[in-house]
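Peer 1: My structure is in model-v8.tsv, and what it holds is TSV, C-alpha atoms and all ligand atoms:
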```
chain	number	residue	atom	x	y	z
O	1	MET	CA	-118.30	62.57	-33.57
O	2	THR	CA	-121.08	64.74	-32.21
O	3	SER	CA	-123.70	62.45	-33.74
O	4	ALA	CA	-122.80	59.79	-31.17
O	5	ILE	CA	-123.82	62.20	-28.41
O	6	HIS	CA	-126.63	64.09	-30.10
O	7	PRO	CA	-128.88	62.22	-32.51
O	8	ILE	CA	-129.05	63.77	-35.98
O	9	LEU	CA	-132.32	65.56	-36.49
O	10	ILE	CA	-133.05	66.93	-39.98
O	11	ALA	CA	-135.92	69.32	-40.73
O	12	VAL	CA	-137.04	69.68	-44.35
O	13	ASP	CA	-139.67	72.33	-45.08
O	14	GLY	CA	-141.06	73.83	-48.23
O	15	PRO	CA	-144.14	74.54	-50.33
O	16	ALA	CA	-146.35	72.08	-52.22
O	17	ALA	CA	-144.56	69.89	-54.78
O	18	SER	CA	-141.15	71.43	-54.09
O	19	GLY	CA	-139.58	67.98	-53.91
O	20	LYS	CA	-139.17	68.08	-50.13
O	21	GLY	CA	-140.70	64.62	-49.64
O	22	THR	CA	-138.35	62.93	-52.12
O	23	ILE	CA	-135.39	64.81	-50.69
O	24	ALA	CA	-136.35	63.93	-47.10
O	25	ARG	CA	-136.67	60.22	-48.01
O	26	ALA	CA	-133.26	60.30	-49.70
O	27	LEU	CA	-131.68	62.02	-46.67
O	28	ALA	CA	-133.21	59.39	-44.39
O	29	ARG	CA	-131.69	56.63	-46.54
O	30	ASN	CA	-128.32	58.33	-46.76
O	31	PHE	CA	-128.00	59.07	-43.02
O	32	ARG	CA	-129.90	55.90	-41.97
O	33	LEU	CA	-132.60	57.74	-40.08
O	34	PRO	CA	-136.33	57.12	-39.72
O	35	HIS	CA	-138.49	59.50	-41.76
O	36	MET	CA	-141.87	61.10	-41.16
O	37	ASP	CA	-143.86	62.83	-43.89
O	38	THR	CA	-145.90	65.14	-41.66
O	39	GLY	CA	-148.12	66.22	-44.58
O	40	SER	CA	-149.56	62.70	-44.56
O	41	LEU	CA	-151.00	63.37	-41.07
O	42	TYR	CA	-152.90	66.41	-42.36
O	43	ARG	CA	-153.89	64.39	-45.42
O	44	ALA	CA	-155.18	61.58	-43.17
O	45	VAL	CA	-157.44	64.07	-41.36
O	46	ALA	CA	-158.59	65.35	-44.76
O	47	LEU	CA	-159.25	61.83	-46.08
O	48	THR	CA	-161.29	61.00	-42.98
O	49	MET	CA	-163.48	64.04	-43.67
O	50	PHE	CA	-163.71	63.25	-47.38
O	51	ARG	CA	-164.79	59.64	-46.71
O	52	PHE	CA	-167.04	60.03	-43.72
O	53	GLY	CA	-168.35	63.51	-44.30
O	54	GLY	CA	-167.40	66.71	-42.54
O	55	ASP	CA	-167.22	70.32	-43.56
O	56	PRO	CA	-163.60	71.53	-44.00
O	57	GLY	CA	-164.96	74.99	-43.20
O	58	SER	CA	-165.71	73.85	-39.63
O	59	GLU	CA	-162.80	73.61	-37.16
O	60	PHE	CA	-164.99	71.55	-34.85
O	61	GLU	CA	-165.60	68.90	-37.53
O	62	ALA	CA	-161.93	68.92	-38.56
O	63	LEU	CA	-160.95	68.36	-34.92
O	64	ARG	CA	-163.29	65.41	-34.71
O	65	ALA	CA	-161.67	63.94	-37.82
O	66	CYS	CA	-158.25	64.09	-36.08
O	67	GLU	CA	-159.43	61.17	-33.95
O	68	GLY	CA	-159.63	59.03	-37.11
O	69	VAL	CA	-156.01	59.55	-38.22
O	70	ALA	CA	-154.73	56.25	-36.81
O	71	GLN	CA	-157.38	54.34	-38.79
O	72	ILE	CA	-156.09	55.58	-42.16
O	73	ASP	CA	-153.73	53.23	-43.99
O	74	PRO	CA	-150.61	55.34	-44.73
O	75	THR	CA	-150.23	53.58	-48.10
O	76	ASP	CA	-153.80	54.44	-49.21
O	77	PRO	CA	-153.32	56.00	-52.69
O	78	GLU	CA	-156.25	58.36	-52.12
O	79	LEU	CA	-154.15	60.20	-49.54
O	80	ARG	CA	-152.13	61.66	-52.42
O	81	SER	CA	-155.10	62.86	-54.49
O	82	GLU	CA	-155.52	66.54	-55.30
O	83	VAL	CA	-158.90	66.79	-53.61
O	84	VAL	CA	-157.51	65.38	-50.35
O	85	GLY	CA	-154.45	67.68	-50.62
O	86	SER	CA	-156.72	70.63	-51.05
O	87	ILE	CA	-158.85	69.75	-47.99
O	88	ALA	CA	-155.58	69.15	-46.04
O	89	SER	CA	-154.40	72.61	-46.95
O	90	ARG	CA	-157.63	74.12	-45.56
O	91	ILE	CA	-157.87	72.15	-42.31
O	92	SER	CA	-154.15	72.58	-41.54
O	93	ALA	CA	-154.83	76.28	-40.91
O	94	TYR	CA	-156.81	75.44	-37.74
O	95	SER	CA	-154.70	75.81	-34.60
O	96	GLY	CA	-156.72	73.04	-32.90
O	97	VAL	CA	-155.87	70.60	-35.69
O	98	ARG	CA	-152.20	71.55	-35.53
O	99	SER	CA	-152.15	71.01	-31.74
O	100	ALA	CA	-153.89	67.65	-32.09
O	101	LEU	CA	-151.12	66.45	-34.42
O	102	LEU	CA	-148.23	68.03	-32.51
O	103	ASP	CA	-147.33	65.28	-30.00
O	104	ARG	CA	-147.07	62.60	-32.67
O	105	GLN	CA	-144.57	64.74	-34.61
O	106	ARG	CA	-142.57	65.90	-31.56
O	107	SER	CA	-142.18	62.38	-30.21
O	108	PHE	CA	-141.03	61.13	-33.63
O	109	ALA	CA	-138.50	64.00	-33.71
O	110	SER	CA	-137.16	63.23	-30.25
O	111	GLN	CA	-136.44	59.49	-30.68
O	112	SER	CA	-132.91	58.50	-29.70
O	113	SER	CA	-132.07	57.27	-33.22
O	114	GLY	CA	-132.50	60.76	-34.66
O	115	ALA	CA	-134.96	61.46	-37.47
O	116	VAL	CA	-135.84	63.29	-40.66
O	117	LEU	CA	-139.19	65.09	-40.79
O	118	ASP	CA	-140.61	67.00	-43.73
O	119	GLY	CA	-143.45	69.49	-43.72
O	120	ARG	CA	-144.15	73.18	-43.43
O	121	ASP	CA	-143.21	74.06	-39.85
O	122	ILE	CA	-140.61	71.48	-38.86
O	123	GLY	CA	-137.68	73.88	-38.54
O	124	THR	CA	-139.79	76.61	-36.93
O	125	VAL	CA	-142.24	74.80	-34.61
O	126	ILE	CA	-141.84	71.02	-34.42
O	127	ALA	CA	-138.06	70.76	-34.18
O	128	PRO	CA	-136.52	74.24	-33.78
O	129	ASN	CA	-133.44	72.50	-32.30
O	130	ALA	CA	-132.84	70.39	-35.46
O	131	THR	CA	-129.19	69.73	-36.36
O	132	ALA	CA	-129.78	70.68	-40.00
O	133	LYS	CA	-132.67	72.54	-41.60
O	134	LEU	CA	-133.42	72.77	-45.30
O	135	PHE	CA	-136.00	74.98	-46.92
O	136	VAL	CA	-136.70	73.41	-50.31
O	137	THR	CA	-138.41	75.47	-52.96
O	138	ALA	CA	-138.92	75.85	-56.73
O	139	SER	CA	-140.91	78.19	-58.95
O	140	GLN	CA	-144.68	77.68	-58.99
O	141	GLU	CA	-144.57	76.69	-62.67
O	142	VAL	CA	-141.91	74.02	-62.11
O	143	ARG	CA	-143.80	72.70	-59.09
O	144	ALA	CA	-147.03	72.51	-61.10
O	145	GLN	CA	-145.26	70.52	-63.84
O	146	ARG	CA	-143.83	68.12	-61.26
O	147	ARG	CA	-147.19	67.65	-59.55
O	148	VAL	CA	-148.92	66.90	-62.90
O	149	ARG	CA	-146.26	64.30	-63.69
O	150	GLU	CA	-146.58	62.75	-60.23
O	151	LEU	CA	-150.38	62.56	-60.47
O	152	LEU	CA	-150.27	61.04	-63.97
O	153	GLU	CA	-147.77	58.45	-62.77
O	154	ARG	CA	-150.21	57.53	-60.03
O	155	GLY	CA	-152.94	57.15	-62.65
O	156	MET	CA	-154.75	60.32	-61.53
O	157	PRO	CA	-155.57	62.56	-64.50
O	158	ALA	CA	-154.47	66.17	-64.00
O	159	GLY	CA	-154.28	69.34	-66.11
O	160	TYR	CA	-151.38	71.81	-65.80
O	161	GLU	CA	-153.53	74.96	-65.51
O	162	ASP	CA	-155.75	73.53	-62.75
O	163	VAL	CA	-152.77	72.25	-60.82
O	164	LEU	CA	-150.99	75.62	-61.12
O	165	ILE	CA	-154.07	77.43	-59.78
O	166	ASP	CA	-154.23	74.96	-56.90
O	167	ILE	CA	-150.53	75.39	-56.07
O	168	ARG	CA	-150.93	79.18	-56.03
O	169	ALA	CA	-153.95	78.90	-53.71
O	170	ARG	CA	-152.08	76.53	-51.40
O	171	ASP	CA	-148.98	78.74	-51.24
O	172	GLU	CA	-151.21	81.65	-50.33
O	173	ARG	CA	-152.98	79.70	-47.56
O	174	ASP	CA	-149.78	78.12	-46.21
O	175	ALA	CA	-147.94	81.46	-46.08
O	176	ASN	CA	-150.76	83.57	-44.65
O	177	ARG	CA	-152.35	81.42	-41.96
O	178	ASP	CA	-152.07	82.67	-38.37
O	179	THR	CA	-150.77	79.43	-36.86
O	180	ALA	CA	-147.41	78.05	-38.02
O	181	PRO	CA	-147.32	79.71	-41.45
O	182	LEU	CA	-144.86	78.36	-44.02
O	183	LEU	CA	-141.65	80.22	-43.22
O	184	GLN	CA	-137.98	79.62	-43.78
O	185	ALA	CA	-136.35	79.32	-40.34
O	186	ASP	CA	-133.57	81.87	-39.79
O	187	ASP	CA	-131.00	79.09	-39.54
O	188	ALA	CA	-132.30	77.00	-42.49
O	189	ASP	CA	-130.36	76.53	-45.73
O	190	LEU	CA	-132.35	77.48	-48.83
O	191	LEU	CA	-132.37	74.91	-51.63
O	192	ASP	CA	-134.01	76.18	-54.81
O	193	THR	CA	-134.52	73.15	-57.05
O	194	SER	CA	-136.12	74.99	-60.02
O	195	GLU	CA	-133.15	74.25	-62.27
O	196	MET	CA	-132.23	70.86	-60.81
O	197	ASP	CA	-133.36	67.36	-61.60
O	198	ILE	CA	-134.11	65.16	-58.62
O	199	ASP	CA	-130.65	63.54	-58.46
O	200	GLU	CA	-129.00	66.97	-58.42
O	201	ALA	CA	-131.40	68.18	-55.75
O	202	ILE	CA	-130.69	65.14	-53.56
O	203	ALA	CA	-126.91	65.55	-53.97
O	204	ALA	CA	-127.18	69.25	-53.05
O	205	ALA	CA	-129.31	68.42	-49.99
O	206	ILE	CA	-126.84	65.79	-48.76
O	207	GLU	CA	-123.97	68.25	-49.20
O	208	LEU	CA	-125.78	70.96	-47.20
O	209	VAL	CA	-126.55	68.53	-44.36
O	210	GLU	CA	-122.98	67.19	-44.33
O	211	LYS	CA	-121.65	70.76	-44.06
O	212	LYS	CA	-123.97	71.40	-41.11
O	213	LEU	CA	-122.88	68.18	-39.40
O	214	ALA	CA	-119.22	69.06	-39.90
O	215	ALA	CA	-119.80	72.55	-38.46
O	216	VAL	CA	-121.59	71.09	-35.43
O	217	ALA	CA	-118.81	68.54	-34.88
O	218	LEU	CA	-116.21	71.33	-34.89
O	219	LYS	CA	-118.09	73.46	-32.37
O	220	PRO	CA	-116.53	73.50	-28.90
O	221	ALA	CA	-118.69	71.66	-26.37
W	301	LIG	O1	-146.58	68.79	-50.86
W	301	LIG	P1	-148.05	68.97	-50.73
W	301	LIG	O2	-148.44	70.33	-50.33
W	301	LIG	O3	-148.82	68.50	-51.89
W	301	LIG	O4	-148.61	68.06	-49.61
W	301	LIG	P2	-148.21	67.68	-48.18
W	301	LIG	O5	-146.82	68.07	-47.81
W	301	LIG	O6	-148.62	66.26	-48.11
W	301	LIG	O7	-149.17	68.56	-47.24
W	301	LIG	C1	-150.57	68.61	-47.39
W	301	LIG	C2	-151.08	69.90	-46.73
W	301	LIG	O8	-150.88	69.82	-45.31
W	301	LIG	C3	-150.34	71.14	-47.20
W	301	LIG	O9	-151.10	71.87	-48.12
W	301	LIG	C4	-150.08	71.96	-45.96
W	301	LIG	O10	-150.97	73.04	-45.91
W	301	LIG	C5	-150.38	71.04	-44.81
W	301	LIG	N1	-149.21	70.78	-43.96
W	301	LIG	C6	-148.98	71.62	-42.90
W	301	LIG	O11	-149.71	72.57	-42.69
W	301	LIG	N2	-147.94	71.38	-42.04
W	301	LIG	C7	-147.11	70.35	-42.24
W	301	LIG	N3	-146.11	70.14	-41.37
W	301	LIG	C8	-147.31	69.49	-43.35
W	301	LIG	C9	-148.37	69.74	-44.21
```
Turn the structure described in the file into structure tokens.

Peer 2:
Amino acid sequence: MTSAIHPILIAVDGPAASGKGTIARALARNFRLPHMDTGSLYRAVALTMFRFGGDPGSEFEALRACEGVAQIDPTDPELRSEVVGSIASRISAYSGVRSALLDRQRSFASQSSGAVLDGRDIGTVIAPNATAKLFVTASQEVRAQRRVRELLERGMPAGYEDVLIDIRARDERDANRDTAPLLQADDADLLDTSEMDIDEAIAAAIELVEKKLAAVALKPA
């Protein structure tokens, strides 16, 4: 098996609330790999600014907040709030912020056990050599419904219209920024989950990765 020689590295990218995080966690469980949600790094920078002050319009202040990332508890529920997500979406456009968070992501991706990372630029920038790449998407309306449900489940009140507006704004920012815009890598498999429930989406993701692994195993050395 090739996996004994080359660790399995899985890149999962996609827009806000596409289900990529849930899918990446399920892939990590299924293939017994460690998982990194890279969005939580950008959210940790955002939460540092939200708590201790800092103008998201200033790259200098966002860069300073990068130094506080290690102090943020990754289980802090405020990381998942809409306001923090919205600041994260703004500060993630700064190339300095992206560089400051790069090493942490690359070293996670290069561990000998293999890994699953999810984000926006995993297949294109962080791990272009990944064994399998998925680009997970869904319509903006479906994503807004999912995000409202997720926020309500976390006890954070949210209205569909506001969330939809926010998702549109985030898609626009993610796709149009100069550094590492949200892009499907040429060799990524597209997984549109608009018509799927989460179990179907997970099953489809596992199947796509298994196909990729089988194709890699068959390749002559
Ligand atoms: O799924 P959602 O957009 O709500 O959140 P997330 O994946 O936790 O990411 C938060 C923000 O960080 C996003 O709006 C992205 O703009 C940014 N991000 C990024 O630029 N690059 C990544 N690898 C991950 C997240």

Peer 1: Can you work out the spacing between CA of Leu27 (chain O) and CA of Ile206 (chain O) in Å, to one decimal?

Peer 2: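 Computing the Euclidean distance for CA of Leu27 (chain O) and CA of Ile206 (chain O) yields 6.5 Å.
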
Peer 1: So how many Å separate CA of Gly53 (chain O) and CA of Gly68 (chain O), to one decimal?

Peer 2: 12.2 Å

Peer 1: For Arg106 (chain O), find every residue with an atom within 12 Å (counting only C-alpha atoms), except residues of its own chain fewer than 6 positions away, and show them as an mmCIF file with C-alpha atoms, in the coordinates of the input.

Peer 2:
```cif
data_model
loop_
_atom_site.group_PDB
_atom_site.id
_atom_site.type_symbol
_atom_site.label_atom_id
_atom_site.label_comp_id
_atom_site.auth_asym_id
_atom_site.auth_seq_id
_atom_site.Cartn_x
_atom_site.Cartn_y
_atom_site.Cartn_z
ATOM 1 C CA LEU O 9 -132.320 65.560 -36.490
ATOM 2 C CA ALA O 11 -135.920 69.320 -40.730
ATOM 3 C CA MET O 36 -141.870 61.100 -41.160
ATOM 4 C CA THR O 38 -145.900 65.140 -41.660
ATOM 5 C CA ARG O 98 -152.200 71.550 -35.530
ATOM 6 C CA SER O 99 -152.150 71.010 -31.740
ATOM 7 C CA ALA O 100 -153.890 67.650 -32.090
ATOM 8 C CA GLY O 114 -132.500 60.760 -34.660
ATOM 9 C CA ALA O 115 -134.960 61.460 -37.470
ATOM 10 C CA VAL O 116 -135.840 63.290 -40.660
ATOM 11 C CA LEU O 117 -139.190 65.090 -40.790
ATOM 12 C CA ASP O 121 -143.210 74.060 -39.850
ATOM 13 C CA ILE O 122 -140.610 71.480 -38.860
ATOM 14 C CA GLY O 123 -137.680 73.880 -38.540
ATOM 15 C CA VAL O 125 -142.240 74.800 -34.610
ATOM 16 C CA ILE O 126 -141.840 71.020 -34.420
ATOM 17 C CA ALA O 127 -138.060 70.760 -34.180
ATOM 18 C CA PRO O 128 -136.520 74.240 -33.780
ATOM 19 C CA ASN O 129 -133.440 72.500 -32.300
ATOM 20 C CA ALA O 130 -132.840 70.390 -35.460
#
```

Peer 1: Could the residues of chain O that have an atom at most 8 Å from ligand LIG 301 (chain W) be listed as a tab-separated table, each with its closest atom pair and the distance in Å to one decimal, counting all atoms listed in the file and ordered by chain and ascending residue number?

Peer 2:
```
residue	atom	partner	partner_atom	distance
O:Asp13	CA	W:LIG301	N3	7.7
O:Gly14	CA	W:LIG301	O1	7.9
O:Pro15	CA	W:LIG301	O2	6.0
O:Ala16	CA	W:LIG301	O2	3.3
O:Ala17	CA	W:LIG301	O1	4.5
O:Ser18	CA	W:LIG301	O1	6.8
O:Gly19	CA	W:LIG301	O1	7.7
O:Lys20	CA	W:LIG301	O1	7.5
O:Gly21	CA	W:LIG301	O5	7.3
O:Asp37	CA	W:LIG301	O5	7.2
O:Thr38	CA	W:LIG301	C8	4.9
O:Gly39	CA	W:LIG301	C9	3.5
O:Ser40	CA	W:LIG301	O6	5.1
O:Leu41	CA	W:LIG301	C8	7.5
O:Tyr42	CA	W:LIG301	O8	4.9
O:Arg43	CA	W:LIG301	C1	5.7
O:Arg80	CA	W:LIG301	O6	7.2
O:Glu82	CA	W:LIG301	O3	7.8
O:Gly85	CA	W:LIG301	C1	5.1
O:Ser86	CA	W:LIG301	O9	6.5
O:Ile87	CA	W:LIG301	C2	7.9
O:Ala88	CA	W:LIG301	C2	4.6
O:Ser89	CA	W:LIG301	O9	3.6
O:Arg90	CA	W:LIG301	O10	6.8
O:Ile91	CA	W:LIG301	O10	7.8
O:Ser92	CA	W:LIG301	O11	4.6
O:Ala93	CA	W:LIG301	O11	6.6
O:Arg98	CA	W:LIG301	O11	7.6
O:Asp118	CA	W:LIG301	N3	6.8
O:Gly119	CA	W:LIG301	N3	3.6
O:Arg120	CA	W:LIG301	N3	4.2
O:Asp121	CA	W:LIG301	N3	5.1
O:Ile122	CA	W:LIG301	N3	6.2
O:Arg147	CA	W:LIG301	O3	7.9
O:Ile167	CA	W:LIG301	O2	7.9
O:Arg170	CA	W:LIG301	O9	5.8
O:Asp171	CA	W:LIG301	O9	7.8
O:Arg173	CA	W:LIG301	O10	7.1
O:Asp174	CA	W:LIG301	O10	5.2
O:Ala180	CA	W:LIG301	O11	7.6
O:Pro181	CA	W:LIG301	O11	7.6
O:Leu182	CA	W:LIG301	O11	7.7
```

Peer 1: Could you give me, as a list in words, the residues that have an atom at most 12 Å away from the point (-165.2, 61.4, -45.6) in the coordinates of the file, using all atoms listed in the file?

Peer 2: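 Residues close enough to count: Arg43, Ala44, Val45, Ala46, Leu47, Thr48, Met49, Phe50, Arg51, Phe52, Gly53, Gly54, Asp55, Pro56, Glu61, Ala62, Arg64, Ala65, Gly68, Val69, Ile72, Glu78, Leu79, Val83, Val84 and Ile87 of chain O.
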
Peer 1: Export, as a tab-separated table (two decimals), keeping the file's coordinate frame, the selected residues with C-alpha atoms.

Peer 2:
```
chain	number	residue	atom	x	y	z
O	43	ARG	CA	-153.89	64.39	-45.42
O	44	ALA	CA	-155.18	61.58	-43.17
O	45	VAL	CA	-157.44	64.07	-41.36
O	46	ALA	CA	-158.59	65.35	-44.76
O	47	LEU	CA	-159.25	61.83	-46.08
O	48	THR	CA	-161.29	61.00	-42.98
O	49	MET	CA	-163.48	64.04	-43.67
O	50	PHE	CA	-163.71	63.25	-47.38
O	51	ARG	CA	-164.79	59.64	-46.71
O	52	PHE	CA	-167.04	60.03	-43.72
O	53	GLY	CA	-168.35	63.51	-44.30
O	54	GLY	CA	-167.40	66.71	-42.54
O	55	ASP	CA	-167.22	70.32	-43.56
O	56	PRO	CA	-163.60	71.53	-44.00
O	61	GLU	CA	-165.60	68.90	-37.53
O	62	ALA	CA	-161.93	68.92	-38.56
O	64	ARG	CA	-163.29	65.41	-34.71
O	65	ALA	CA	-161.67	63.94	-37.82
O	68	GLY	CA	-159.63	59.03	-37.11
O	69	VAL	CA	-156.01	59.55	-38.22
O	72	ILE	CA	-156.09	55.58	-42.16
O	78	GLU	CA	-156.25	58.36	-52.12
O	79	LEU	CA	-154.15	60.20	-49.54
O	83	VAL	CA	-158.90	66.79	-53.61
O	84	VAL	CA	-157.51	65.38	-50.35
O	87	ILE	CA	-158.85	69.75	-47.99
```

Peer 1: Report the distance between CA of Asp166 (chain O) and CA of Leu101 (chain O) in Å, rounded to one decimal place.

Peer 2: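 Value for the CA of Asp166 (chain O)-CA of Leu101 (chain O) distance: 24.2 Å.
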
Peer 1: Find the residue from O:Asp189, O:Arg177, O:Glu200, O:Tyr160 that sits nearest to Val148 (chain O); use all atoms listed in the file when measuring.

Peer 2: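 Checking each of O:Asp189, O:Arg177, O:Glu200, O:Tyr160 against Val148 (chain O), counting all atoms listed in the file, the winner is O:Tyr160.
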
Peer 1: Between O:Glu67, O:Glu172, O:Ser194, O:Asp103, which has the minimum distance to Glu141 (chain O) (counting all atoms listed in the file)?

Peer 2: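 Checking each of O:Glu67, O:Glu172, O:Ser194, O:Asp103 against Glu141 (chain O), counting all atoms listed in the file, the winner is O:Ser194.
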
Peer 1: Go through O:Gln145, O:Thr75, O:Gln184, O:Gln105 one by one, measure the shortest atom-to-atom distance of each to Lys133 (chain O) using all atoms listed in the file, and give the residue with the smallest value.

Peer 2: O:Gln184

Peer 1: When distances are computed from only C-alpha atoms, which of O:Arg143, O:Arg168, O:Lys211, O:Lys219 shows the smallest separation from Met196 (chain O)?

Peer 2: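 Selected residue with least distance to Met196 (chain O): O:Arg143.
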
Peer 1: What are the centre and edge lengths in Å, to one decimal, of the axis-aligned box around all listed atoms of region 39-56 of chain O with 3 Å added on each side, as lines of an AutoDock Vina configuration file?

Peer 2:
```
center_x = -158.2
center_y = 65.6
center_z = -44.2
size_x = 26.2
size_y = 17.9
size_z = 12.3
```

Peer 1: Which one is closest to Leu213 (chain O): O:Leu190, O:Ala132, O:Phe60, O:Pro34? Count only C-alpha atoms.

Peer 2: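 Closest candidate: O:Ala132.
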
Peer 1: Calculated over only C-alpha atoms, which of the candidates O:Leu63, O:Val12, O:Val97, O:Ala169 has the smallest distance to Thr137 (chain O)?

Peer 2: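 Checking each of O:Leu63, O:Val12, O:Val97, O:Ala169 against Thr137 (chain O), counting only C-alpha atoms, the winner is O:Val12.
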
Peer 1: Using all atoms listed in the file, which residues sit within 12 Å of Ser113 (chain O) once same-chain residues fewer than 6 positions away are excluded, as a PDB file with C-alpha atoms, keeping the file's coordinate frame?

Peer 2:
```
ATOM      1  CA  SER O   3    -123.700  62.450 -33.740  1.00  0.00           C
ATOM      2  CA  ALA O   4    -122.800  59.790 -31.170  1.00  0.00           C
ATOM      3  CA  ILE O   5    -123.820  62.200 -28.410  1.00  0.00           C
ATOM      4  CA  HIS O   6    -126.630  64.090 -30.100  1.00  0.00           C
ATOM      5  CA  PRO O   7    -128.880  62.220 -32.510  1.00  0.00           C
ATOM      6  CA  ILE O   8    -129.050  63.770 -35.980  1.00  0.00           C
ATOM      7  CA  LEU O   9    -132.320  65.560 -36.490  1.00  0.00           C
ATOM      8  CA  ILE O  10    -133.050  66.930 -39.980  1.00  0.00           C
ATOM      9  CA  ALA O  28    -133.210  59.390 -44.390  1.00  0.00           C
ATOM     10  CA  PHE O  31    -128.000  59.070 -43.020  1.00  0.00           C
ATOM     11  CA  ARG O  32    -129.900  55.900 -41.970  1.00  0.00           C
ATOM     12  CA  LEU O  33    -132.600  57.740 -40.080  1.00  0.00           C
ATOM     13  CA  PRO O  34    -136.330  57.120 -39.720  1.00  0.00           C
ATOM     14  CA  HIS O  35    -138.490  59.500 -41.760  1.00  0.00           C
ATOM     15  CA  SER O 107    -142.180  62.380 -30.210  1.00  0.00           C
TER      16      SER O 107
END
```
